[in-house]
file final06.pdb (PDB, N, CA and C atoms)
MODEL        1
ATOM      1  N   MET R 616      85.763   1.342  18.610
ATOM      2  CA  MET R 616      84.727   1.831  17.729
ATOM      3  C   MET R 616      85.353   2.768  16.695
ATOM      4  N   SER R 617      85.007   2.599  15.433
ATOM      5  CA  SER R 617      85.520   3.443  14.359
ATOM      6  C   SER R 617      84.861   4.812  14.401
ATOM      7  N   PRO R 618      85.612   5.864  14.038
ATOM      8  CA  PRO R 618      85.008   7.192  13.997
ATOM      9  C   PRO R 618      83.960   7.255  12.889
ATOM     10  N   SER R 619      82.958   8.086  13.080
ATOM     11  CA  SER R 619      81.933   8.241  12.055
ATOM     12  C   SER R 619      81.432   9.679  12.056
ATOM     13  N   VAL R 620      80.796  10.054  10.966
ATOM     14  CA  VAL R 620      80.169  11.363  10.829
ATOM     15  C   VAL R 620      78.728  11.139  10.404
ATOM     16  N   THR R 621      77.865  12.062  10.766
ATOM     17  CA  THR R 621      76.475  12.002  10.339
ATOM     18  C   THR R 621      76.282  12.994   9.210
ATOM     19  N   LEU R 622      75.759  12.500   8.094
ATOM     20  CA  LEU R 622      75.474  13.341   6.939
ATOM     21  C   LEU R 622      73.977  13.547   6.821
ATOM     22  N   ALA R 623      73.580  14.766   6.555
ATOM     23  CA  ALA R 623      72.183  15.074   6.250
ATOM     24  C   ALA R 623      72.122  15.357   4.757
ATOM     25  N   LEU R 624      71.373  14.549   4.029
ATOM     26  CA  LEU R 624      71.303  14.643   2.575
ATOM     27  C   LEU R 624      69.858  14.764   2.113
ATOM     28  N   VAL R 625      69.674  15.367   0.965
ATOM     29  CA  VAL R 625      68.402  15.290   0.249
ATOM     30  C   VAL R 625      68.733  14.610  -1.067
ATOM     31  N   VAL R 626      68.207  13.405  -1.232
ATOM     32  CA  VAL R 626      68.496  12.610  -2.418
ATOM     33  C   VAL R 626      67.178  12.320  -3.127
ATOM     34  N   ASN R 627      67.076  12.773  -4.361
ATOM     35  CA  ASN R 627      65.850  12.588  -5.143
ATOM     36  C   ASN R 627      64.634  13.125  -4.389
ATOM     37  N   GLY R 628      64.813  14.252  -3.710
ATOM     38  CA  GLY R 628      63.720  14.909  -2.999
ATOM     39  C   GLY R 628      63.409  14.339  -1.623
ATOM     40  N   LYS R 629      64.135  13.310  -1.198
ATOM     41  CA  LYS R 629      63.885  12.677   0.101
ATOM     42  C   LYS R 629      65.023  12.998   1.069
ATOM     43  N   ARG R 630      64.676  13.503   2.259
ATOM     44  CA  ARG R 630      65.684  13.804   3.275
ATOM     45  C   ARG R 630      66.183  12.507   3.908
ATOM     46  N   ARG R 631      67.496  12.451   4.090
ATOM     47  CA  ARG R 631      68.107  11.251   4.694
ATOM     48  C   ARG R 631      69.202  11.684   5.657
ATOM     49  N   ARG R 632      69.377  10.920   6.703
ATOM     50  CA  ARG R 632      70.495  11.098   7.635
ATOM     51  C   ARG R 632      71.193   9.748   7.705
ATOM     52  N   VAL R 633      72.488   9.763   7.460
ATOM     53  CA  VAL R 633      73.257   8.523   7.500
ATOM     54  C   VAL R 633      74.520   8.742   8.314
ATOM     55  N   LYS R 634      74.917   7.725   9.028
ATOM     56  CA  LYS R 634      76.149   7.750   9.811
ATOM     57  C   LYS R 634      77.164   6.884   9.080
ATOM     58  N   VAL R 635      78.290   7.508   8.693
ATOM     59  CA  VAL R 635      79.265   6.815   7.844
ATOM     60  C   VAL R 635      80.690   7.116   8.298
ATOM     61  N   ALA R 636      81.627   6.319   7.802
ATOM     62  CA  ALA R 636      83.052   6.580   8.040
ATOM     63  C   ALA R 636      83.433   7.887   7.336
ATOM     64  N   PRO R 637      84.305   8.690   7.934
ATOM     65  CA  PRO R 637      84.645  10.006   7.372
ATOM     66  C   PRO R 637      85.190   9.975   5.943
ATOM     67  N   MET R 638      85.900   8.950   5.553
ATOM     68  CA  MET R 638      86.500   8.911   4.212
ATOM     69  C   MET R 638      85.709   8.048   3.221
ATOM     70  N   LYS R 639      84.493   7.665   3.576
ATOM     71  CA  LYS R 639      83.691   6.848   2.672
ATOM     72  C   LYS R 639      83.279   7.676   1.459
ATOM     73  N   ARG R 640      83.406   7.088   0.280
ATOM     74  CA  ARG R 640      83.045   7.799  -0.949
ATOM     75  C   ARG R 640      81.550   8.045  -1.013
ATOM     76  N   LEU R 641      81.164   9.191  -1.567
ATOM     77  CA  LEU R 641      79.748   9.502  -1.732
ATOM     78  C   LEU R 641      79.054   8.428  -2.549
ATOM     79  N   LEU R 642      79.716   7.916  -3.551
ATOM     80  CA  LEU R 642      79.173   6.830  -4.362
ATOM     81  C   LEU R 642      78.762   5.652  -3.483
ATOM     82  N   ASP R 643      79.622   5.272  -2.551
ATOM     83  CA  ASP R 643      79.333   4.142  -1.668
ATOM     84  C   ASP R 643      78.244   4.480  -0.650
ATOM     85  N   VAL R 644      78.208   5.715  -0.175
ATOM     86  CA  VAL R 644      77.141   6.139   0.735
ATOM     87  C   VAL R 644      75.789   6.011   0.034
ATOM     88  N   LEU R 645      75.699   6.492  -1.201
ATOM     89  CA  LEU R 645      74.440   6.411  -1.947
ATOM     90  C   LEU R 645      74.025   4.965  -2.177
ATOM     91  N   ARG R 646      74.972   4.131  -2.574
ATOM     92  CA  ARG R 646      74.650   2.728  -2.869
ATOM     93  C   ARG R 646      74.357   1.919  -1.605
ATOM     94  N   GLU R 647      75.246   2.004  -0.630
ATOM     95  CA  GLU R 647      75.178   1.120   0.536
ATOM     96  C   GLU R 647      74.300   1.652   1.661
ATOM     97  N   ASP R 648      74.411   2.931   1.957
ATOM     98  CA  ASP R 648      73.712   3.473   3.122
ATOM     99  C   ASP R 648      72.339   4.057   2.784
ATOM    100  N   CYS R 649      72.177   4.504   1.540
ATOM    101  CA  CYS R 649      70.889   5.059   1.118
ATOM    102  C   CYS R 649      70.078   4.058   0.303
ATOM    103  N   GLY R 650      70.652   2.893   0.030
ATOM    104  CA  GLY R 650      69.922   1.854  -0.700
ATOM    105  C   GLY R 650      69.625   2.220  -2.143
ATOM    106  N   LEU R 651      70.567   2.909  -2.805
ATOM    107  CA  LEU R 651      70.368   3.328  -4.190
ATOM    108  C   LEU R 651      71.383   2.624  -5.100
ATOM    109  N   PRO R 652      71.163   1.344  -5.385
ATOM    110  CA  PRO R 652      72.128   0.581  -6.172
ATOM    111  C   PRO R 652      72.210   1.024  -7.625
ATOM    112  N   GLY R 653      71.300   1.875  -8.076
ATOM    113  CA  GLY R 653      71.358   2.377  -9.446
ATOM    114  C   GLY R 653      72.490   3.357  -9.660
ATOM    115  N   THR R 654      73.076   3.856  -8.573
ATOM    116  CA  THR R 654      74.235   4.735  -8.669
ATOM    117  C   THR R 654      75.414   3.865  -9.088
ATOM    118  N   LYS R 655      75.989   4.160 -10.237
ATOM    119  CA  LYS R 655      76.999   3.271 -10.820
ATOM    120  C   LYS R 655      78.414   3.814 -10.714
ATOM    121  N   GLU R 656      79.342   2.890 -10.604
ATOM    122  CA  GLU R 656      80.763   3.203 -10.683
ATOM    123  C   GLU R 656      81.244   2.713 -12.039
ATOM    124  N   GLY R 657      81.993   3.547 -12.717
ATOM    125  CA  GLY R 657      82.508   3.149 -14.028
ATOM    126  C   GLY R 657      83.951   2.713 -13.939
ATOM    127  N   CYS R 658      84.847   3.674 -14.060
ATOM    128  CA  CYS R 658      86.274   3.380 -14.145
ATOM    129  C   CYS R 658      86.945   3.204 -12.779
ATOM    130  N   GLY R 659      86.306   3.633 -11.700
ATOM    131  CA  GLY R 659      86.903   3.519 -10.371
ATOM    132  C   GLY R 659      87.896   4.631 -10.074
ATOM    133  N   GLU R 660      88.108   5.528 -11.015
ATOM    134  CA  GLU R 660      89.072   6.616 -10.852
ATOM    135  C   GLU R 660      88.419   7.993 -10.918
ATOM    136  N   GLY R 661      87.147   8.071 -11.309
ATOM    137  CA  GLY R 661      86.466   9.349 -11.429
ATOM    138  C   GLY R 661      86.751  10.081 -12.726
ATOM    139  N   GLU R 662      87.283   9.382 -13.702
ATOM    140  CA  GLU R 662      87.647  10.010 -14.974
ATOM    141  C   GLU R 662      86.555   9.901 -16.027
ATOM    142  N   CYS R 663      85.724   8.872 -15.977
ATOM    143  CA  CYS R 663      84.759   8.639 -17.052
ATOM    144  C   CYS R 663      83.445   9.386 -16.855
ATOM    145  N   GLY R 664      83.143   9.813 -15.631
ATOM    146  CA  GLY R 664      81.920  10.557 -15.368
ATOM    147  C   GLY R 664      80.721   9.709 -14.969
ATOM    148  N   ALA R 665      80.854   8.388 -14.948
ATOM    149  CA  ALA R 665      79.722   7.520 -14.607
ATOM    150  C   ALA R 665      79.215   7.769 -13.190
ATOM    151  N   CYS R 666      80.094   8.191 -12.294
ATOM    152  CA  CYS R 666      79.702   8.387 -10.898
ATOM    153  C   CYS R 666      79.412   9.856 -10.579
ATOM    154  N   SER R 667      79.228  10.693 -11.611
ATOM    155  CA  SER R 667      78.925  12.103 -11.368
ATOM    156  C   SER R 667      77.576  12.241 -10.669
ATOM    157  N   VAL R 668      77.481  13.198  -9.762
ATOM    158  CA  VAL R 668      76.237  13.493  -9.055
ATOM    159  C   VAL R 668      76.025  14.999  -9.086
ATOM    160  N   LEU R 669      74.793  15.426  -8.815
ATOM    161  CA  LEU R 669      74.520  16.846  -8.644
ATOM    162  C   LEU R 669      74.645  17.158  -7.168
ATOM    163  N   LEU R 670      75.452  18.134  -6.847
ATOM    164  CA  LEU R 670      75.656  18.566  -5.474
ATOM    165  C   LEU R 670      75.343  20.051  -5.443
ATOM    166  N   ASP R 671      74.305  20.424  -4.710
ATOM    167  CA  ASP R 671      73.820  21.802  -4.703
ATOM    168  C   ASP R 671      73.512  22.279  -6.115
ATOM    169  N   GLY R 672      72.947  21.385  -6.942
ATOM    170  CA  GLY R 672      72.515  21.739  -8.280
ATOM    171  C   GLY R 672      73.608  21.772  -9.333
ATOM    172  N   ARG R 673      74.832  21.435  -8.960
ATOM    173  CA  ARG R 673      75.952  21.449  -9.900
ATOM    174  C   ARG R 673      76.535  20.052 -10.027
ATOM    175  N   SER R 674      76.972  19.708 -11.224
ATOM    176  CA  SER R 674      77.557  18.389 -11.472
ATOM    177  C   SER R 674      78.898  18.290 -10.747
ATOM    178  N   ARG R 675      79.077  17.189 -10.027
ATOM    179  CA  ARG R 675      80.330  16.933  -9.322
ATOM    180  C   ARG R 675      80.830  15.560  -9.725
ATOM    181  N   PRO R 676      81.953  15.504 -10.426
ATOM    182  CA  PRO R 676      82.494  14.192 -10.799
ATOM    183  C   PRO R 676      83.126  13.485  -9.605
ATOM    184  N   ARG R 677      83.549  12.274  -9.815
ATOM    185  CA  ARG R 677      84.272  11.486  -8.813
ATOM    186  C   ARG R 677      83.423  11.184  -7.592
ATOM    187  N   GLY R 678      82.112  10.975  -7.794
ATOM    188  CA  GLY R 678      81.275  10.604  -6.652
ATOM    189  C   GLY R 678      81.237  11.681  -5.593
ATOM    190  N   GLY R 679      81.474  12.910  -5.948
ATOM    191  CA  GLY R 679      81.373  14.012  -5.003
ATOM    192  C   GLY R 679      82.680  14.599  -4.582
ATOM    193  N   ARG R 680      83.793  13.963  -4.903
ATOM    194  CA  ARG R 680      85.107  14.496  -4.499
ATOM    195  C   ARG R 680      85.618  15.455  -5.557
ATOM    196  N   SER R 681      85.702  16.709  -5.220
ATOM    197  CA  SER R 681      86.284  17.672  -6.163
ATOM    198  C   SER R 681      86.767  18.884  -5.426
TER     199      SER R 681
ENDMDL
END

call {"tool": "encode", "arguments": {"input": "final06.pdb", "output": "structure tokens"}}
result
Amino acid sequence: MSPSVTLALVVNGKRRRVKVAPMKRLLDVLREDCGLPGTKEGCGEGECGACSVLLDGRSRPRGGRS
């Protein structure tokens, strides 16, 4: 069995709990585990800003990795 972590998130005002692989990108968690396909990936490197999200009210580039 692969290791996993449980994340507690509030996305667009809705509380969610998801169990994911520890190194899974936030972008992929939002798209695949939260069912939010509108979350887009641009350059795949986190340089263009397409995958920026608000984390605790602040913009975080690279799908949450900073």

call {"tool": "resolve_selection", "arguments": {"input": "final06.pdb", "expression": "the PyMOL selection byres ((chain R and resi 635) around 6)", "output": "ChimeraX atom specification"}}
result
/R:618-622,633-634,636-637

call {"tool": "closest_residue", "arguments": {"input": "final06.pdb", "among": "R:Glu660, R:Arg632, R:Gly672, R:Ser667", "to": "Asp648 of chain R", "atoms": "all atoms listed in the file"}}
result
R:Arg632

call {"tool": "resolve_selection", "arguments": {"input": "final06.pdb", "expression": "the PyMOL selection byres (((chain R and resi 654 and name CA) around 8) and name CA)", "output": "PyMOL selection string"}}
result
chain R and resi 642+645-646+651-653+655-656+666

call {"tool": "atom_distance", "arguments": {"input": "final06.pdb", "atom1": "atom CA of Gly657 of chain R", "atom2": "atom CA of Arg675 of chain R"}}
result
14.7 Å

call {"tool": "select_by_dssp", "arguments": {"input": "final06.pdb", "residues": "chain R", "states": "strand (DSSP E or B)", "output": "PyMOL selection string"}}
result
chain R and resi 620-626+629-635+668-670+673-675

call {"tool": "atom_distance", "arguments": {"input": "final06.pdb", "atom1": "atom N of Asp671 of chain R", "atom2": "atom CA of Asp643 of chain R"}}
result
17.3 Å

call {"tool": "atom_distance", "arguments": {"input": "final06.pdb", "atom1": "atom N of Leu670 of chain R", "atom2": "atom C of Ala623 of chain R"}}
result
12.4 Å

call {"tool": "select_by_dssp", "arguments": {"input": "final06.pdb", "residues": "chain R", "states": "helix (DSSP H, G or I)", "output": "list in words"}}
result
Leu641, Leu642, Asp643, Val644, Leu645, Arg646, Glu647, Asp648, Arg677, Gly678 and Gly679 of chain R

call {"tool": "write_last_selection", "arguments": {"input": "final06.pdb", "atoms": "N, CA and C atoms", "output": "tab-separated table (two decimals), in the coordinates of the input"}}
result
chain	number	residue	atom	x	y	z
R	641	LEU	N	81.16	9.19	-1.57
R	641	LEU	CA	79.75	9.50	-1.73
R	641	LEU	C	79.05	8.43	-2.55
R	642	LEU	N	79.72	7.92	-3.55
R	642	LEU	CA	79.17	6.83	-4.36
R	642	LEU	C	78.76	5.65	-3.48
R	643	ASP	N	79.62	5.27	-2.55
R	643	ASP	CA	79.33	4.14	-1.67
R	643	ASP	C	78.24	4.48	-0.65
R	644	VAL	N	78.21	5.72	-0.18
R	644	VAL	CA	77.14	6.14	0.74
R	644	VAL	C	75.79	6.01	0.03
R	645	LEU	N	75.70	6.49	-1.20
R	645	LEU	CA	74.44	6.41	-1.95
R	645	LEU	C	74.03	4.96	-2.18
R	646	ARG	N	74.97	4.13	-2.57
R	646	ARG	CA	74.65	2.73	-2.87
R	646	ARG	C	74.36	1.92	-1.60
R	647	GLU	N	75.25	2.00	-0.63
R	647	GLU	CA	75.18	1.12	0.54
R	647	GLU	C	74.30	1.65	1.66
R	648	ASP	N	74.41	2.93	1.96
R	648	ASP	CA	73.71	3.47	3.12
R	648	ASP	C	72.34	4.06	2.78
R	677	ARG	N	83.55	12.27	-9.82
R	677	ARG	CA	84.27	11.49	-8.81
R	677	ARG	C	83.42	11.18	-7.59
R	678	GLY	N	82.11	10.98	-7.79
R	678	GLY	CA	81.28	10.60	-6.65
R	678	GLY	C	81.24	11.68	-5.59
R	679	GLY	N	81.47	12.91	-5.95
R	679	GLY	CA	81.37	14.01	-5.00
R	679	GLY	C	82.68	14.60	-4.58

call {"tool": "closest_residue", "arguments": {"input": "final06.pdb", "among": "R:Gly659, R:Leu669, R:Arg640, R:Gly664", "to": "Asn627 of chain R", "atoms": "only C-alpha atoms"}}
result
R:Leu669

call {"tool": "axis_aligned_box", "arguments": {"input": "final06.pdb", "around": "segment 657-673 of chain R", "padding_each_side": "6 Å", "output": "AutoDock Vina command-line options"}}
result
--center_x 80.8 --center_y 12.5 --center_z -10.9 --size_x 28.6 --size_y 31.6 --size_z 24.3

call {"tool": "closest_residue", "arguments": {"input": "final06.pdb", "among": "R:Met616, R:Cys658, R:Val644, R:Cys649", "to": "Arg630 of chain R", "atoms": "only C-alpha atoms"}}
result
R:Cys649

call {"tool": "decode", "arguments": {"input": "final06.pdb", "residues": "segment 620-634 of chain R", "atoms": "N, CA and C atoms", "output": "compact mmCIF listing (two decimals), in the first residue's frame"}}
result
# COMPACT_ATOMS: atom_id res chain seq x y z
N VAL R 620 -1.48 10.88 2.86
CA VAL R 620 -1.77 11.87 3.89
C VAL R 620 -3.20 12.35 3.67
N THR R 621 -3.84 12.77 4.74
CA THR R 621 -5.18 13.33 4.65
C THR R 621 -5.07 14.84 4.76
N LEU R 622 -5.63 15.53 3.77
CA LEU R 622 -5.64 16.99 3.76
C LEU R 622 -7.04 17.48 4.08
N ALA R 623 -7.12 18.48 4.93
CA ALA R 623 -8.38 19.16 5.19
C ALA R 623 -8.29 20.52 4.51
N LEU R 624 -9.16 20.76 3.55
CA LEU R 624 -9.13 21.98 2.75
C LEU R 624 -10.47 22.69 2.78
N VAL R 625 -10.45 23.98 2.58
CA VAL R 625 -11.66 24.74 2.27
C VAL R 625 -11.42 25.32 0.89
N VAL R 626 -12.21 24.85 -0.06
CA VAL R 626 -12.05 25.27 -1.45
C VAL R 626 -13.35 25.90 -1.91
N ASN R 627 -13.27 27.16 -2.29
CA ASN R 627 -14.46 27.90 -2.73
C ASN R 627 -15.56 27.85 -1.66
N GLY R 628 -15.16 27.94 -0.40
CA GLY R 628 -16.10 27.97 0.71
C GLY R 628 -16.62 26.61 1.16
N LYS R 629 -16.18 25.53 0.51
CA LYS R 629 -16.65 24.19 0.85
C LYS R 629 -15.52 23.39 1.51
N ARG R 630 -15.81 22.81 2.69
CA ARG R 630 -14.82 22.00 3.39
C ARG R 630 -14.68 20.65 2.69
N ARG R 631 -13.43 20.22 2.56
CA ARG R 631 -13.15 18.93 1.90
C ARG R 631 -12.04 18.22 2.65
N ARG R 632 -12.11 16.91 2.67
CA ARG R 632 -11.04 16.07 3.21
C ARG R 632 -10.68 15.09 2.10
N VAL R 633 -9.41 15.05 1.76
CA VAL R 633 -8.96 14.15 0.71
C VAL R 633 -7.73 13.40 1.18
N LYS R 634 -7.63 12.16 0.76
CA LYS R 634 -6.47 11.33 1.07
C LYS R 634 -5.65 11.21 -0.20
